[in-house]
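Asks: Enclosed is the structure file model_16.txt (compact mmCIF, C-alpha atoms and all ligand atoms).
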# COMPACT_ATOMS: atom_id res chain seq x y z
CA MET C 1306 13.17 12.72 -7.90
CA LEU C 1307 9.68 13.98 -7.17
CA LEU C 1308 6.91 11.85 -5.68
CA ARG C 1309 3.41 13.06 -6.46
CA HIS C 1310 1.49 11.86 -3.42
CA SER C 1311 -1.48 12.22 -1.10
CA HIS C 1312 -1.26 12.03 2.68
CA THR C 1313 -3.77 9.20 3.09
CA SER C 1314 -2.92 6.97 0.12
CA PRO C 1315 -1.67 3.62 1.47
CA TYR C 1316 0.11 2.91 -1.83
CA VAL C 1317 2.06 6.13 -1.32
CA ARG C 1318 2.79 5.09 2.24
CA LYS C 1319 4.25 1.79 1.06
CA VAL C 1320 6.68 3.72 -1.15
CA ALA C 1321 7.45 6.20 1.66
CA VAL C 1322 8.19 3.41 4.17
CA LEU C 1323 10.51 1.75 1.67
CA LEU C 1324 12.29 5.09 1.09
CA HIS C 1325 12.96 5.41 4.82
CA GLU C 1326 14.07 1.80 5.19
CA VAL C 1327 16.64 2.12 2.38
CA GLY C 1328 17.80 5.61 3.36
CA LEU C 1329 16.61 7.39 0.22
CA ASP C 1330 13.98 9.58 1.88
CA GLU C 1331 16.15 12.70 1.62
CA GLN C 1332 16.55 12.23 -2.11
CA VAL C 1333 12.88 12.41 -3.01
CA ALA C 1334 10.78 15.57 -2.82
CA PHE C 1335 7.09 15.08 -2.01
CA GLU C 1336 4.40 17.10 -3.78
CA THR C 1337 0.82 16.73 -2.59
CA ILE C 1338 -1.80 16.32 -5.29
CA ASP C 1339 -5.39 15.08 -5.53
CA GLY C 1340 -5.72 12.35 -8.13
CA TRP C 1341 -9.53 12.37 -7.94
CA SER C 1342 -9.67 15.91 -9.39
CA GLU C 1343 -7.54 14.93 -12.42
CA PRO C 1344 -5.12 17.88 -12.33
CA ASP C 1345 -3.01 18.40 -15.47
CA LEU C 1346 0.12 18.32 -13.34
CA LEU C 1347 -0.60 14.70 -12.50
CA THR C 1348 -2.27 13.51 -15.72
CA ASP C 1349 0.67 14.83 -17.76
CA ASP C 1350 2.88 12.40 -15.82
CA ASN C 1351 0.34 9.62 -15.35
CA PRO C 1352 -2.78 9.52 -17.54
CA LEU C 1353 -4.45 7.32 -14.89
CA SER C 1354 -4.37 10.35 -12.55
CA MET C 1355 -3.22 8.24 -9.62
CA VAL C 1356 -0.78 8.60 -6.79
CA PRO C 1357 1.91 7.55 -6.22
CA THR C 1358 3.60 8.80 -9.38
CA LEU C 1359 7.38 9.17 -9.30
CA VAL C 1360 8.92 11.76 -11.62
CA LEU C 1361 12.57 10.99 -12.32
CA ASP C 1362 15.19 13.71 -12.65
CA GLU C 1363 15.25 13.52 -16.45
CA GLY C 1364 11.47 13.89 -16.56
CA THR C 1365 10.32 10.29 -17.12
CA SER C 1366 7.60 9.17 -14.74
CA LEU C 1367 7.00 5.81 -13.10
CA TYR C 1368 3.82 4.22 -11.72
CA ASP C 1369 2.25 2.31 -10.07
CA SER C 1370 3.56 1.58 -6.55
CA PRO C 1371 5.09 -1.88 -7.28
CA VAL C 1372 7.03 -0.42 -10.22
CA ILE C 1373 8.17 2.58 -8.16
CA CYS C 1374 9.29 0.28 -5.31
CA GLU C 1375 11.24 -1.90 -7.74
CA TYR C 1376 12.96 1.17 -9.21
CA LEU C 1377 13.87 2.63 -5.81
CA ASP C 1378 15.16 -0.72 -4.57
CA ARG C 1379 17.73 -0.65 -7.38
CA ALA C 1380 18.82 2.88 -6.47
CA HIS C 1381 20.56 2.15 -3.15
CA ASP C 1382 23.46 0.00 -1.93
CA GLY C 1383 21.90 -1.48 1.22
CA PRO C 1384 20.11 -4.78 1.75
CA ARG C 1385 17.53 -5.42 -0.99
CA MET C 1386 13.86 -4.93 -0.14
CA ILE C 1387 12.96 -7.21 -3.07
CA PRO C 1388 15.19 -10.31 -3.25
CA GLU C 1389 16.88 -10.70 -6.64
CA ASN C 1390 15.77 -14.27 -7.25
CA GLY C 1391 14.72 -17.59 -5.81
CA ASP C 1392 11.75 -18.46 -3.61
CA ALA C 1393 12.34 -15.39 -1.44
CA ARG C 1394 11.63 -13.09 -4.41
CA TRP C 1395 8.30 -14.75 -5.21
CA GLN C 1396 7.33 -14.76 -1.56
CA VAL C 1397 7.91 -11.00 -1.25
CA LEU C 1398 6.12 -10.23 -4.52
CA ARG C 1399 3.19 -12.46 -3.56
CA GLU C 1400 2.94 -10.73 -0.18
CA GLN C 1401 2.96 -7.34 -1.88
CA ALA C 1402 0.21 -8.51 -4.27
CA LEU C 1403 -1.91 -9.77 -1.37
CA ALA C 1404 -1.44 -6.55 0.60
CA ASP C 1405 -2.19 -4.38 -2.44
CA GLY C 1406 -5.26 -6.54 -3.10
CA ILE C 1407 -6.45 -5.91 0.47
CA LEU C 1408 -6.00 -2.19 -0.20
CA ASP C 1409 -7.87 -2.37 -3.51
CA CYS C 1410 -10.80 -4.03 -1.69
CA ALA C 1411 -10.65 -1.55 1.19
CA ILE C 1412 -10.73 1.42 -1.18
CA LEU C 1413 -13.65 -0.03 -3.13
CA ILE C 1414 -15.51 -0.46 0.17
CA PHE C 1415 -14.61 3.10 1.19
CA MET C 1416 -15.95 4.45 -2.11
CA GLU C 1417 -19.11 2.38 -1.87
CA THR C 1418 -19.90 3.23 1.76
CA LEU C 1419 -18.72 6.82 2.10
CA LYS C 1420 -18.70 8.34 -1.38
CA ARG C 1421 -21.63 6.72 -3.14
CA PRO C 1422 -25.12 8.00 -2.27
CA ALA C 1423 -26.72 5.63 0.27
CA GLU C 1424 -29.64 4.72 -2.03
CA LYS C 1425 -27.20 3.50 -4.68
CA ARG C 1426 -25.06 1.43 -2.32
CA TRP C 1427 -24.48 -2.15 -3.44
CA ASP C 1428 -24.31 -4.34 -0.32
CA TRP C 1429 -23.53 -7.50 -2.27
CA TRP C 1430 -20.38 -5.83 -3.64
CA ILE C 1431 -19.31 -4.49 -0.23
CA GLU C 1432 -19.71 -7.92 1.37
CA LEU C 1433 -17.84 -9.65 -1.47
CA LYS C 1434 -14.87 -7.33 -0.96
CA GLN C 1435 -15.06 -7.67 2.83
CA ARG C 1436 -14.93 -11.46 2.56
CA ALA C 1437 -11.85 -11.16 0.34
CA ILE C 1438 -10.14 -9.05 3.00
CA LEU C 1439 -11.15 -11.39 5.83
CA ARG C 1440 -9.87 -14.46 3.98
CA SER C 1441 -6.59 -12.65 3.34
CA LEU C 1442 -6.27 -11.70 7.00
CA ASP C 1443 -6.90 -15.31 8.07
CA MET C 1444 -4.21 -16.48 5.67
CA LEU C 1445 -1.75 -13.90 7.00
CA ASP C 1446 -2.57 -14.86 10.59
CA GLY C 1447 -1.95 -18.52 9.77
CA GLN C 1448 1.42 -17.73 8.15
CA VAL C 1449 2.57 -15.02 10.52
CA ASP C 1450 5.75 -16.92 11.46
CA THR C 1451 7.03 -16.27 7.94
CA LEU C 1452 6.73 -12.50 8.49
CA VAL C 1453 8.49 -12.32 11.86
CA GLY C 1454 11.92 -10.65 11.84
CA ARG C 1455 11.81 -9.59 8.18
CA VAL C 1456 11.98 -6.06 6.80
CA ASP C 1457 11.39 -6.11 3.06
CA LEU C 1458 8.73 -5.08 0.57
CA GLY C 1459 6.53 -8.03 1.58
CA THR C 1460 6.41 -7.08 5.26
CA ILE C 1461 6.25 -3.34 4.51
CA SER C 1462 3.25 -3.88 2.21
CA THR C 1463 1.52 -6.10 4.77
CA ALA C 1464 2.02 -3.66 7.65
CA VAL C 1465 0.81 -0.71 5.54
CA ALA C 1466 -2.32 -2.61 4.46
CA LEU C 1467 -3.19 -3.54 8.06
CA SER C 1468 -2.69 0.06 9.16
CA TYR C 1469 -5.00 1.23 6.38
CA LEU C 1470 -7.73 -1.08 7.71
CA ASP C 1471 -7.41 0.84 10.98
CA LEU C 1472 -7.66 4.17 9.16
CA ARG C 1473 -10.74 3.40 7.07
CA GLY C 1474 -12.35 0.55 9.00
CA ALA C 1475 -13.24 -1.49 5.90
CA VAL C 1476 -13.95 -4.63 7.93
CA GLY C 1477 -14.32 -3.20 11.42
CA GLU C 1478 -11.97 -4.51 14.10
CA TRP C 1479 -9.71 -6.92 12.21
CA ARG C 1480 -7.63 -8.04 15.21
CA GLY C 1481 -10.32 -10.21 16.84
CA GLY C 1482 -9.26 -13.88 16.70
CA ARG C 1483 -6.01 -12.92 14.95
CA ASP C 1484 -3.77 -12.31 17.93
CA ARG C 1485 -0.56 -13.35 16.23
CA LEU C 1486 -1.06 -11.07 13.26
CA ALA C 1487 -2.06 -8.22 15.58
CA ALA C 1488 1.11 -8.75 17.65
CA TRP C 1489 3.30 -8.80 14.55
CA HIS C 1490 1.68 -5.61 13.25
CA ALA C 1491 2.05 -3.85 16.61
CA GLU C 1492 5.77 -4.55 16.55
CA PHE C 1493 6.28 -3.49 12.93
CA ALA C 1494 4.13 -0.36 13.33
CA VAL C 1495 6.58 1.25 15.76
CA ARG C 1496 9.47 1.20 13.30
CA PRO C 1497 10.57 4.79 12.59
CA SER C 1498 9.72 4.27 8.88
CA MET C 1499 6.12 3.56 9.90
CA THR C 1500 5.69 6.27 12.53
CA LYS C 1501 7.20 8.94 10.27
CA THR C 1502 4.83 8.06 7.44
CA ALA C 1503 1.62 7.74 9.47
CA PRO C 1504 -1.31 9.57 7.83
CA PRO C 1505 -2.66 12.66 9.57
CA ALA C 1506 -5.21 11.84 12.28
N1 LIG J 1601 -2.31 0.17 -8.19
C1 LIG J 1601 -2.04 1.53 -7.83
C2 LIG J 1601 -3.19 2.10 -7.02
C3 LIG J 1601 -3.03 3.60 -6.76
C4 LIG J 1601 -4.33 4.21 -6.27
O1 LIG J 1601 -5.40 3.59 -6.26
N2 LIG J 1601 -4.23 5.49 -5.87
C5 LIG J 1601 -5.41 6.23 -5.47
C6 LIG J 1601 -5.18 6.92 -4.15
S1 LIG J 1601 -5.14 5.74 -2.83
C7 LIG J 1601 -5.67 7.33 -6.49
O2 LIG J 1601 -4.77 8.04 -6.85
N3 LIG J 1601 -6.92 7.43 -6.95
C8 LIG J 1601 -7.33 8.49 -7.85
C9 LIG J 1601 -8.28 7.97 -8.91
O3 LIG J 1601 -8.58 6.76 -8.93
O4 LIG J 1601 -8.71 8.80 -9.72
C10 LIG J 1601 -0.70 1.60 -7.08
O5 LIG J 1601 -0.30 0.56 -6.53
O6 LIG J 1601 -0.04 2.65 -7.10
Can you give me the file's structure in the form of structure tokens?
Ligand SMILES: N[C@@H](CCC(=O)N[C@@H](CS)C(=O)NCC(=O)O)C(=O)O

Replies:
Amino acid sequence: MLLRHSHTSPYVRKVAVLLHEVGLDEQVAFETIDGWSEPDLLTDDNPLSMVPTLVLDEGTSLYDSPVICEYLDRAHDGPRMIPENGDARWQVLREQALADGILDCAILIFMETLKRPAEKRWDWWIELKQRAILRSLDMLDGQVDTLVGRVDLGTISTAVALSYLDLRGAVGEWRGGRDRLAAWHAEFAVRPSMTKTAPPA
């Protein structure tokens, strides 16, 4: 399997952390590619020109990150990262959706603040997306007991999203007033799967 990736993409990191946690990291080759420049190598596999894109051995490709994670979680014999059924399954998928939503907002803010010319910046849009992130963080802080002690796609996604807020600073210092969430993240962030997949400084 080949994972078309970029070093800073948090969606890629989610997949990479899962690979380490399930012991499949040696079975996937990583090839760096820039989705923003729409290279044929990537668009041939994924017309959306986005990373992560997973190319399977027979040539089929899979995207986006939730689909790739689901595929990889069925390719190992260890404990499932996505529970098969029941409330636990919906909890993990909901947590992934919330974390991916935080990332979507953070990337929109990054584009608006750092990529768009200053005179075209839309503050209303930036603040809307920041409020969405802040509400999500408050919810996570209020429910942090449900995250403690778990290693699955829900907690992986959450930890990766919080780390991305540190990388890009979409809402400034997010830890203030959220001590429990900060403590949970600090503990999760030292797992080998997280330290080995940290983006370059
Ligand atoms: N929903 C997608 C989002 C992937 C995504 O936004 N990837 C970004 C990098 S962080 C990308 O490749 N952007 C290139 C583009 O939009 O042209 C997933 O979960 O995989």

Asks: Using all atoms listed in the file, find each residue in chain C having at least one atom no more than 8 Å away from ligand LIG 1601 (chain J); report its shortest atom-to-atom pair and that distance in Å (one decimal), rows by chain then rising number, as CSV.

Replies:
residue,atom,partner,partner_atom,distance
C:Ser1311,CA,J:LIG1601,C6,7.1
C:Thr1313,CA,J:LIG1601,S1,7.0
C:Ser1314,CA,J:LIG1601,S1,3.9
C:Pro1315,CA,J:LIG1601,S1,5.9
C:Tyr1316,CA,J:LIG1601,O5,5.3
C:Val1317,CA,J:LIG1601,O6,7.1
C:Asp1339,CA,J:LIG1601,O2,7.2
C:Gly1340,CA,J:LIG1601,C8,4.2
C:Trp1341,CA,J:LIG1601,O4,4.1
C:Ser1342,CA,J:LIG1601,O4,7.2
C:Glu1343,CA,J:LIG1601,O4,6.8
C:Leu1353,CA,J:LIG1601,O4,6.9
C:Ser1354,CA,J:LIG1601,O4,5.4
C:Met1355,CA,J:LIG1601,O2,3.2
C:Val1356,CA,J:LIG1601,O2,4.0
C:Pro1357,CA,J:LIG1601,O6,5.3
C:Thr1358,CA,J:LIG1601,O6,7.5
C:Tyr1368,CA,J:LIG1601,O6,6.2
C:Asp1369,CA,J:LIG1601,O6,3.8
C:Ser1370,CA,J:LIG1601,O6,3.8
C:Pro1371,CA,J:LIG1601,O5,6.0
C:Asp1405,CA,J:LIG1601,O5,6.7
C:Asp1409,CA,J:LIG1601,O1,7.0
C:Ile1412,CA,J:LIG1601,S1,7.3

Asks: Between C:Val1397, C:Thr1500, C:His1490, C:Leu1433, which has the minimum distance to Ile1414 (chain C) (counting only C-alpha atoms)?

Replies: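 Comparing C:Val1397, C:Thr1500, C:His1490, C:Leu1433 against Ile1414 (chain C), the winner is C:Leu1433.
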
Asks: What does the distance between CA of Gly1391 (chain C) and CA of Ser1366 (chain C) come to in Å, to one decimal place?

Replies: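 Interatomic distance here is 29.1 Å.
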
Asks: From the options C:Asp1471, C:Asp1484, C:Glu1336, C:Asp1446, which residue's atoms come nearest to Val1360 (chain C), counting all atoms listed in the file?

Replies: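 For Val1360 (chain C), the nearest of the given residues is C:Glu1336.
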
Asks: Would you please work out which residue, of C:Pro1497, C:Gly1481, C:Gly1364, C:Gly1383, is nearest to Asp1350 (chain C) when using all atoms listed in the file?

Replies: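 Result for the nearest residue to Asp1350 (chain C): C:Gly1364.
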
Asks: One number please: CA of Gln1448 (chain C) to CA of Leu1486 (chain C), in Å, one decimal.

Replies: 8.8 Å

Asks: Give the answer as one residue: which of C:Val1327, C:Leu1442, C:Ala1475, C:Met1386 has the shortest atom-to-atom distance to Thr1418 (chain C), using all atoms listed in the file?

Replies: C:Ala1475

Asks: Can you tell me how far CA of Val1333 (chain C) sits from CA of Glu1389 (chain C), in Å to one decimal?

Replies: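 These atoms are spaced 23.7 Å apart.
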
Asks: Please determine, counting only C-alpha atoms, which residue among C:Ala1380, C:Ala1494, C:Leu1467, C:Met1499 has the shortest atom-to-atom distance to Arg1480 (chain C).

Replies: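 Smallest distance to Arg1480 (chain C) is found for C:Leu1467.
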
Asks: Pick out the residues sitting within 9 Å of region 1436-1438 of chain C, and hand them over as a list in words; count only C-alpha atoms, and ignore anything fewer than 3 positions along from it in its own chain.

Replies: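 Once the nearby chain positions are removed, what remains is Gly1406, Ile1407, Leu1408, Cys1410, Ala1411, Ile1431, Glu1432, Leu1433, Ser1441, Leu1442, Asp1443, Ala1475 and Val1476 of chain C.
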
Asks: Quick one: residues within 9 Å of Val1449 (chain C), all atoms listed in the file counted, chain neighbours fewer than 3 positions away excluded, as a PyMOL selection string?

Replies: chain C and resi 1444-1446+1452-1453+1485-1486+1489

Asks: Within 8 Å of (15.3, -9.7, 4.4) (coordinates as in the file), grab all the protein and nucleic acid residues, counting all atoms listed in the file, and write them out as a list in words.

Replies: Pro1384, Arg1385, Met1386, Pro1388, Arg1455, Val1456 and Asp1457 of chain C

Asks: Write the selection just made, keeping C-alpha atoms, as an mmCIF file, in the coordinates of the input?

Replies:
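Written output follows (part.cif):
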data_model
loop_
_atom_site.group_PDB
_atom_site.id
_atom_site.type_symbol
_atom_site.label_atom_id
_atom_site.label_comp_id
_atom_site.auth_asym_id
_atom_site.auth_seq_id
_atom_site.Cartn_x
_atom_site.Cartn_y
_atom_site.Cartn_z
ATOM 1 C CA PRO C 1384 20.110 -4.780 1.750
ATOM 2 C CA ARG C 1385 17.530 -5.420 -0.990
ATOM 3 C CA MET C 1386 13.860 -4.930 -0.140
ATOM 4 C CA PRO C 1388 15.190 -10.310 -3.250
ATOM 5 C CA ARG C 1455 11.810 -9.590 8.180
ATOM 6 C CA VAL C 1456 11.980 -6.060 6.800
ATOM 7 C CA ASP C 1457 11.390 -6.110 3.060
#

Asks: I need every residue sitting at most 12 Å from the point (14.3, -1.1, 0.5) (coordinates as in the file, only C-alpha atoms considered), written as a PDB file with C-alpha atoms, keeping the file's coordinate frame.

Replies:
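For reference, point.pdb as written:
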ATOM      1  CA  LYS C1319       4.250   1.790   1.060  1.00  0.00           C
ATOM      2  CA  VAL C1320       6.680   3.720  -1.150  1.00  0.00           C
ATOM      3  CA  ALA C1321       7.450   6.200   1.660  1.00  0.00           C
ATOM      4  CA  VAL C1322       8.190   3.410   4.170  1.00  0.00           C
ATOM      5  CA  LEU C1323      10.510   1.750   1.670  1.00  0.00           C
ATOM      6  CA  LEU C1324      12.290   5.090   1.090  1.00  0.00           C
ATOM      7  CA  HIS C1325      12.960   5.410   4.820  1.00  0.00           C
ATOM      8  CA  GLU C1326      14.070   1.800   5.190  1.00  0.00           C
ATOM      9  CA  VAL C1327      16.640   2.120   2.380  1.00  0.00           C
ATOM     10  CA  GLY C1328      17.800   5.610   3.360  1.00  0.00           C
ATOM     11  CA  LEU C1329      16.610   7.390   0.220  1.00  0.00           C
ATOM     12  CA  ASP C1330      13.980   9.580   1.880  1.00  0.00           C
ATOM     13  CA  ILE C1373       8.170   2.580  -8.160  1.00  0.00           C
ATOM     14  CA  CYS C1374       9.290   0.280  -5.310  1.00  0.00           C
ATOM     15  CA  GLU C1375      11.240  -1.900  -7.740  1.00  0.00           C
ATOM     16  CA  TYR C1376      12.960   1.170  -9.210  1.00  0.00           C
ATOM     17  CA  LEU C1377      13.870   2.630  -5.810  1.00  0.00           C
ATOM     18  CA  ASP C1378      15.160  -0.720  -4.570  1.00  0.00           C
ATOM     19  CA  ARG C1379      17.730  -0.650  -7.380  1.00  0.00           C
ATOM     20  CA  ALA C1380      18.820   2.880  -6.470  1.00  0.00           C
ATOM     21  CA  HIS C1381      20.560   2.150  -3.150  1.00  0.00           C
ATOM     22  CA  ASP C1382      23.460   0.000  -1.930  1.00  0.00           C
ATOM     23  CA  GLY C1383      21.900  -1.480   1.220  1.00  0.00           C
ATOM     24  CA  PRO C1384      20.110  -4.780   1.750  1.00  0.00           C
ATOM     25  CA  ARG C1385      17.530  -5.420  -0.990  1.00  0.00           C
ATOM     26  CA  MET C1386      13.860  -4.930  -0.140  1.00  0.00           C
ATOM     27  CA  ILE C1387      12.960  -7.210  -3.070  1.00  0.00           C
ATOM     28  CA  PRO C1388      15.190 -10.310  -3.250  1.00  0.00           C
ATOM     29  CA  VAL C1397       7.910 -11.000  -1.250  1.00  0.00           C
ATOM     30  CA  ARG C1455      11.810  -9.590   8.180  1.00  0.00           C
ATOM     31  CA  VAL C1456      11.980  -6.060   6.800  1.00  0.00           C
ATOM     32  CA  ASP C1457      11.390  -6.110   3.060  1.00  0.00           C
ATOM     33  CA  LEU C1458       8.730  -5.080   0.570  1.00  0.00           C
ATOM     34  CA  GLY C1459       6.530  -8.030   1.580  1.00  0.00           C
ATOM     35  CA  THR C1460       6.410  -7.080   5.260  1.00  0.00           C
ATOM     36  CA  ILE C1461       6.250  -3.340   4.510  1.00  0.00           C
ATOM     37  CA  SER C1462       3.250  -3.880   2.210  1.00  0.00           C
ATOM     38  CA  SER C1498       9.720   4.270   8.880  1.00  0.00           C
TER      39      SER C1498
END

Asks: From the options C:Pro1504, C:Lys1420, C:Glu1400, C:Leu1307, which residue's atoms come nearest to Thr1451 (chain C), counting only C-alpha atoms?

Replies: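 The closest residue to Thr1451 (chain C) is C:Glu1400.
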
Asks: With 4 Å of padding per side, what axis-aligned box (centre and edge lengths, Å, one decimal) covers all the listed atoms of region 1311-1319 of chain C? Give it as lines of an AutoDock Vina configuration file.

Replies:
center_x = 0.2
center_y = 7.0
center_z = 0.6
size_x = 16.0
size_y = 18.4
size_z = 12.9
